[in-house]
Amino acid sequence: MIEVTGLTKRFGRTLAVDDLSFTVAPGRITGFLGPNGAGKTTTMRVLLGLDAPTAGRATVHGLPYRELSRPLTRVGALLDATAVQGGRTAEQHLWWLARSNGLPRSRIGGLLGLVGLDHAGGRRIGGFSLGMKQRLGLAAALLGDPEVLVLDEPGNGLDPEGIRWLRGLLKSLAAEGRTVLVSSHLMSEMAVTADQLIVLAGGRLRADAALGELVRPGRSLEEAFMDVIGRSAS
Ligand SMILES: Nc1ncnc2c1ncn2[C@@H]1O[C@H](COP(=O)(O)OP(=O)(O)OP(=O)(O)O)[C@@H](O)[C@H]1O
């Protein structure tokens with residue numbers, strides 16, 4: 001369970017997140033939508049203890065991220081798949097993360113297989129494509145077998161087969177009872193992936209609804225999204 005309560009985040013004069021409240025429930029995929037600069041990444045960064053809130057709270061399992069012990073076992077996150085040390089191999093990267101959270105090395109091989117990098121474990125990350133880095137980031141997020149996943153645009157750089165694979169992975173993680181929060185700009189993909197949608201614009205909550213509530217029959221998610229953020233879908 002993720003809870004965001006009265007969250008506000010300012011960067012100087014920029015109000016990135018403005019009195020935002022929502023909860024993300026387990027057992028379903030919650031899509032986190034909003035135009036560029038809406039505040040999605042900022043909300044996720046506060047949730048993951050990477051930025052301090054100006055006001056309000058963001059908790060996972062009832063606690064701020066920094067108060068979780070062995071956080072990788074509670075929350076898996078993928079924020080910026082390119083923010084990895086290119087000199088390490090994929091295996092070395094995962095082992096470094098695992099060791100810092102007291103996790104066994106034995107999970108690494110299986111996870112590399114799960115994300116389709118089984119033949120690339122010994123290769124340096126610096127030579128990876130964006131899609132391969134996203135896959136590695138997903139393996140890192142899953143390393144601690146966490147109940148909660150926070151994924152910022154995980155489909156970036158994935159090829160069509162990869163997008164389909166990601167959809168299946170997210171659905172199976174939610175079906176196992178995990179909490180899955182995933183941001184995306186890909187409306188057609190979200191329409192076939194998400195169960196619940198949270199829409200931000202200008203740092204404020206614009207919608208928090210089940211897919212079927214937000215998208216009326218005969219309309220697309222893209223049209224509903226444009227309505228919600230106050231732009232015409234011409
Ligand atoms: N470190 C920072 N310093 C100053 N301003 C920031 C910082 N991080 C984010 N912002 C600003 O906060 C606002 C929200 O940005 P954020 O990255 O959270 O939006 P987003 O919804 O994730 O956008 P996108 O879809 O483009 O990734 C923007 O106006 C952005 O310029």
# chains A, B, ... in the order shown; residues from 1 in each chain; ligands from 1
>>> closest_atom_pairs(of="chain A", to="ligand 1", cutoff="6 Å", atoms="only C-alpha atoms and all ligand atoms", output="tab-separated table")
residue	atom	partner	partner_atom_place_in_ligand_line	distance
A:Phe11	CA	ligand 1	4 (C)	4.8
A:Ala16	CA	ligand 1	12 (O)	4.0
A:Gly34	CA	ligand 1	21 (O)	5.8
A:Pro35	CA	ligand 1	25 (O)	5.5
A:Asn36	CA	ligand 1	26 (O)	3.3
A:Gly37	CA	ligand 1	19 (O)	3.3
A:Ala38	CA	ligand 1	21 (O)	3.6
A:Gly39	CA	ligand 1	18 (O)	3.2
A:Lys40	CA	ligand 1	21 (O)	3.8
A:Thr41	CA	ligand 1	22 (O)	3.6
A:Thr42	CA	ligand 1	18 (O)	3.7
>>> write_last_selection(atoms="C-alpha atoms", output="mmCIF file, in the first residue's frame")
data_model
loop_
_atom_site.group_PDB
_atom_site.id
_atom_site.type_symbol
_atom_site.label_atom_id
_atom_site.label_comp_id
_atom_site.auth_asym_id
_atom_site.auth_seq_id
_atom_site.Cartn_x
_atom_site.Cartn_y
_atom_site.Cartn_z
ATOM 1 C CA PHE A 11 11.786 23.690 -6.038
ATOM 2 C CA ALA A 16 6.077 20.736 -8.596
ATOM 3 C CA GLY A 34 0.070 13.460 -16.554
ATOM 4 C CA PRO A 35 1.621 15.805 -19.104
ATOM 5 C CA ASN A 36 5.341 16.687 -19.024
ATOM 6 C CA GLY A 37 6.129 18.513 -15.803
ATOM 7 C CA ALA A 38 2.925 17.364 -14.056
ATOM 8 C CA GLY A 39 4.826 16.173 -10.970
ATOM 9 C CA LYS A 40 4.855 12.395 -11.463
ATOM 10 C CA THR A 41 8.596 11.852 -11.089
ATOM 11 C CA THR A 42 8.779 14.302 -8.185
#
>>> select_by_dssp(residues="segment 50-222 of chain A", states="helix (DSSP H, G or I)", output="JSON, numbers by chain")
{"A": [65, 66, 67, 71, 72, 73, 90, 91, 92, 93, 94, 95, 96, 97, 98, 99, 100, 107, 108, 109, 110, 111, 112, 113, 114, 125, 126, 127, 130, 131, 132, 133, 134, 135, 136, 137, 138, 139, 140, 141, 142, 160, 161, 162, 163, 164, 165, 166, 167, 168, 169, 170, 171, 172, 173, 174, 175, 187, 188, 189, 190, 191, 192, 193, 211, 212, 213, 214, 221, 222]}
>>> closest_residue(among="A:Arg28, A:Arg107, A:Arg13, A:Arg66", to="Leu197 of chain A", atoms="only C-alpha atoms")
A:Arg28
>>> residues_around(residues="Val46 of chain A", least_positions_apart="2", cutoff="12 Å", atoms="only C-alpha atoms", output="JSON, numbers by chain")
{"A": [2, 3, 4, 5, 7, 8, 9, 10, 16, 17, 20, 39, 40, 41, 42, 43, 44, 48, 49, 50, 51, 52, 53, 54, 55, 56, 57, 58, 59, 60, 64, 65, 66, 79, 150]}
>>> closest_residue(among="A:Ala140, A:Leu114, A:Leu186, A:Met1", to="Glu153 of chain A", atoms="only C-alpha atoms")
A:Leu186
>>> atom_distance(atom1="atom CA of Val215 of chain A", atom2="atom CA of Ser183 of chain A")
17.8 Å
>>> closest_residue(among="A:Thr14, A:Leu94, A:Ser21, A:Gly102", to="Leu205 of chain A", atoms="only C-alpha atoms")
A:Ser21
>>> select_by_dssp(residues="segment 14-231 of chain A", states="strand (DSSP E)", output="ChimeraX atom specification")
/A:14-24,28-33,55-60,75-78,148-152,179-183,196-201,204-210
>>> write_last_selection(atoms="N, CA and C atoms", output="CSV table (one decimal), in the first residue's frame")
chain,number,residue,atom,x,y,z
A,14,THR,N,9.2,27.0,-8.2
A,14,THR,CA,8.3,26.0,-8.9
A,14,THR,C,7.6,25.1,-7.9
A,15,LEU,N,6.3,25.1,-8.1
A,15,LEU,CA,5.5,24.3,-7.3
A,15,LEU,C,5.3,23.0,-8.1
A,16,ALA,N,6.1,22.0,-7.8
A,16,ALA,CA,6.1,20.7,-8.6
A,16,ALA,C,4.9,19.8,-8.2
A,17,VAL,N,4.6,19.8,-6.9
A,17,VAL,CA,3.5,18.9,-6.4
A,17,VAL,C,2.7,19.8,-5.4
A,18,ASP,N,1.4,19.8,-5.6
A,18,ASP,CA,0.6,20.8,-4.9
A,18,ASP,C,-0.5,20.1,-4.1
A,19,ASP,N,-0.3,19.8,-2.8
A,19,ASP,CA,-1.3,19.3,-1.9
A,19,ASP,C,-2.0,18.0,-2.5
A,20,LEU,N,-1.1,17.1,-2.8
A,20,LEU,CA,-1.6,15.8,-3.5
A,20,LEU,C,-1.9,14.7,-2.5
A,21,SER,N,-3.0,14.1,-2.7
A,21,SER,CA,-3.4,12.9,-1.8
A,21,SER,C,-4.0,11.8,-2.7
A,22,PHE,N,-3.5,10.6,-2.5
A,22,PHE,CA,-4.0,9.4,-3.1
A,22,PHE,C,-3.5,8.2,-2.4
A,23,THR,N,-4.1,7.1,-2.6
A,23,THR,CA,-3.6,5.8,-2.2
A,23,THR,C,-3.5,4.9,-3.4
A,24,VAL,N,-2.5,4.0,-3.3
A,24,VAL,CA,-2.4,3.0,-4.3
A,24,VAL,C,-2.5,1.6,-3.6
A,28,ARG,N,-3.5,-4.7,-8.0
A,28,ARG,CA,-3.9,-4.1,-9.3
A,28,ARG,C,-2.8,-3.2,-9.8
A,29,ILE,N,-2.8,-2.8,-11.1
A,29,ILE,CA,-1.8,-1.9,-11.7
A,29,ILE,C,-2.5,-0.5,-11.7
A,30,THR,N,-1.8,0.4,-11.1
A,30,THR,CA,-2.2,1.8,-11.0
A,30,THR,C,-1.3,2.6,-12.0
A,31,GLY,N,-1.9,3.1,-13.0
A,31,GLY,CA,-1.2,4.0,-14.0
A,31,GLY,C,-1.1,5.4,-13.4
A,32,PHE,N,0.0,6.0,-13.6
A,32,PHE,CA,0.3,7.3,-13.1
A,32,PHE,C,0.5,8.2,-14.3
A,33,LEU,N,-0.5,9.0,-14.6
A,33,LEU,CA,-0.5,9.8,-15.9
A,33,LEU,C,-0.4,11.3,-15.6
A,55,ALA,N,5.8,19.8,2.3
A,55,ALA,CA,4.8,19.5,3.3
A,55,ALA,C,4.1,18.2,2.9
A,56,GLY,N,3.5,17.6,3.9
A,56,GLY,CA,2.7,16.4,3.7
A,56,GLY,C,3.6,15.2,3.8
A,57,ARG,N,3.0,14.0,3.4
A,57,ARG,CA,3.7,12.7,3.6
A,57,ARG,C,3.5,11.8,2.4
A,58,ALA,N,4.5,10.9,2.2
A,58,ALA,CA,4.4,9.9,1.3
A,58,ALA,C,4.9,8.6,1.9
A,59,THR,N,4.1,7.6,2.1
A,59,THR,CA,4.6,6.4,2.8
A,59,THR,C,4.3,5.1,2.0
A,60,VAL,N,5.2,4.2,2.4
A,60,VAL,CA,5.0,2.8,1.8
A,60,VAL,C,4.9,1.9,3.1
A,75,VAL,N,10.2,-2.3,-1.2
A,75,VAL,CA,9.8,-1.5,-2.4
A,75,VAL,C,10.8,-1.7,-3.5
A,76,GLY,N,10.4,-2.0,-4.7
A,76,GLY,CA,11.3,-2.1,-5.8
A,76,GLY,C,11.0,-0.8,-6.7
A,77,ALA,N,12.0,-0.2,-7.1
A,77,ALA,CA,11.8,1.1,-7.9
A,77,ALA,C,12.7,1.1,-9.2
A,78,LEU,N,12.1,1.7,-10.2
A,78,LEU,CA,12.8,2.0,-11.4
A,78,LEU,C,12.5,3.4,-11.8
A,148,VAL,N,5.8,-3.9,-3.2
A,148,VAL,CA,5.4,-2.7,-3.8
A,148,VAL,C,6.4,-2.4,-4.9
A,149,LEU,N,5.9,-1.9,-6.1
A,149,LEU,CA,6.8,-1.6,-7.2
A,149,LEU,C,6.4,-0.1,-7.6
A,150,VAL,N,7.4,0.7,-7.8
A,150,VAL,CA,7.3,2.1,-8.3
A,150,VAL,C,8.1,2.2,-9.5
A,151,LEU,N,7.5,2.4,-10.7
A,151,LEU,CA,8.2,2.3,-11.9
A,151,LEU,C,7.9,3.5,-12.8
A,152,ASP,N,8.9,4.3,-13.1
A,152,ASP,CA,8.7,5.6,-13.8
A,152,ASP,C,9.0,5.3,-15.3
A,179,THR,N,1.5,-4.3,-5.1
A,179,THR,CA,1.1,-2.9,-5.4
A,179,THR,C,2.0,-2.4,-6.5
A,180,VAL,N,1.4,-2.0,-7.6
A,180,VAL,CA,2.2,-1.6,-8.8
A,180,VAL,C,1.8,-0.2,-9.2
A,181,LEU,N,2.7,0.7,-9.1
A,181,LEU,CA,2.4,2.1,-9.5
A,181,LEU,C,3.4,2.4,-10.7
A,182,VAL,N,2.8,2.7,-11.9
A,182,VAL,CA,3.6,2.8,-13.1
A,182,VAL,C,3.3,4.1,-13.9
A,183,SER,N,4.2,4.9,-14.1
A,183,SER,CA,4.0,6.1,-14.9
A,183,SER,C,4.2,5.8,-16.3
A,196,GLN,N,-6.4,0.9,-12.5
A,196,GLN,CA,-6.7,2.2,-11.8
A,196,GLN,C,-5.9,3.3,-12.4
A,197,LEU,N,-6.4,4.5,-12.5
A,197,LEU,CA,-5.6,5.6,-13.1
A,197,LEU,C,-5.6,6.8,-12.2
A,198,ILE,N,-4.4,7.3,-11.9
A,198,ILE,CA,-4.2,8.6,-11.2
A,198,ILE,C,-3.7,9.6,-12.2
A,199,VAL,N,-4.4,10.7,-12.4
A,199,VAL,CA,-3.9,11.7,-13.4
A,199,VAL,C,-3.6,13.0,-12.6
A,200,LEU,N,-2.4,13.5,-12.9
A,200,LEU,CA,-1.9,14.8,-12.4
A,200,LEU,C,-1.8,15.8,-13.5
A,201,ALA,N,-2.0,17.0,-13.2
A,201,ALA,CA,-1.6,18.1,-14.1
A,201,ALA,C,-1.3,19.3,-13.2
A,204,ARG,N,-1.3,18.9,-9.4
A,204,ARG,CA,-2.5,18.6,-8.6
A,204,ARG,C,-3.2,17.3,-9.2
A,205,LEU,N,-4.0,16.7,-8.3
A,205,LEU,CA,-4.7,15.5,-8.7
A,205,LEU,C,-5.9,15.9,-9.6
A,206,ARG,N,-6.0,15.3,-10.8
A,206,ARG,CA,-7.1,15.6,-11.7
A,206,ARG,C,-8.1,14.4,-11.7
A,207,ALA,N,-7.6,13.2,-11.5
A,207,ALA,CA,-8.5,12.1,-11.5
A,207,ALA,C,-7.9,10.9,-10.8
A,208,ASP,N,-8.7,10.2,-10.1
A,208,ASP,CA,-8.3,8.9,-9.4
A,208,ASP,C,-9.4,8.0,-9.6
A,209,ALA,N,-9.4,7.1,-10.6
A,209,ALA,CA,-10.6,6.3,-11.0
A,209,ALA,C,-10.2,5.0,-11.6
A,210,ALA,N,-11.1,4.1,-11.6
A,210,ALA,CA,-10.9,2.8,-12.3
A,210,ALA,C,-10.9,3.1,-13.8
>>> atom_distance(atom1="atom CA of Pro26 of chain A", atom2="atom CA of Ala174 of chain A")
7.1 Å
>>> residues_around(residues="Leu158 of chain A", least_positions_apart="2", cutoff="8 Å", atoms="only C-alpha atoms", output="PyMOL selection string")
chain A and resi 130-132+134+155-156+160-163
>>> write_last_selection(atoms="C-alpha atoms", output="CSV table (one decimal), in the first residue's frame")
chain,number,residue,atom,x,y,z
A,130,LEU,CA,18.2,1.9,-23.5
A,131,GLY,CA,15.8,-1.1,-23.6
A,132,MET,CA,18.5,-3.4,-22.1
A,134,GLN,CA,15.3,-0.7,-18.7
A,155,GLY,CA,8.4,1.0,-21.2
A,156,ASN,CA,10.8,3.6,-22.5
A,160,PRO,CA,7.1,-4.0,-29.3
A,161,GLU,CA,7.9,-7.4,-28.0
A,162,GLY,CA,9.4,-5.9,-24.9
A,163,ILE,CA,6.3,-3.7,-24.3
>>> residues_around(residues="Ala139 of chain A", least_positions_apart="4", cutoff="8 Å", atoms="only C-alpha atoms", output="tab-separated table (two decimals) with C-alpha atoms, in the first residue's frame")
chain	number	residue	atom	x	y	z
A	94	LEU	CA	22.82	-6.59	-9.33
A	111	LEU	CA	16.17	-12.42	-12.60
A	112	LEU	CA	18.45	-11.85	-15.59
A	114	LEU	CA	13.18	-13.19	-16.32
A	115	VAL	CA	14.01	-9.82	-17.90
A	135	ARG	CA	15.28	-4.51	-18.41
A	143	LEU	CA	15.73	-8.18	-6.63
>>> closest_residue(among="A:His93, A:Arg124, A:Arg167, A:Arg105", to="Gly137 of chain A", atoms="only C-alpha atoms")
A:His93
>>> residues_around(residues="Pro146 of chain A", least_positions_apart="5", cutoff="9 Å", atoms="only C-alpha atoms", output="list in words")
Pro71, Leu72, Thr73, Arg74, Val75, Gly76, Ala141 and Arg178 of chain A
>>> write_last_selection(atoms="C-alpha atoms", output="short mmCIF file (atom, residue, chain, number, x, y, z; two decimals), in the first residue's frame")
data_model
loop_
_atom_site.label_atom_id
_atom_site.label_comp_id
_atom_site.auth_asym_id
_atom_site.auth_seq_id
_atom_site.Cartn_x
_atom_site.Cartn_y
_atom_site.Cartn_z
CA PRO A 71 14.11 -1.25 1.66
CA LEU A 72 14.78 -3.34 -1.46
CA THR A 73 12.74 -6.13 0.12
CA ARG A 74 9.76 -3.79 0.66
CA VAL A 75 9.77 -1.51 -2.41
CA GLY A 76 11.25 -2.07 -5.85
CA ALA A 141 13.50 -3.48 -8.82
CA ARG A 178 1.64 -6.66 -5.21
#
>>> residues_around(residues="Gly86 of chain A", least_positions_apart="3", cutoff="12 Å", atoms="only C-alpha atoms", output="ChimeraX atom specification")
/A:81-83,89-90,92-93,123-129,133
>>> atom_distance(atom1="atom CA of Ala191 of chain A", atom2="atom CA of Leu142 of chain A")
23.9 Å
>>> closest_residue(among="A:Glu189, A:Leu103, A:Leu136, A:Asp195", to="Val84 of chain A", atoms="only C-alpha atoms")
A:Leu136
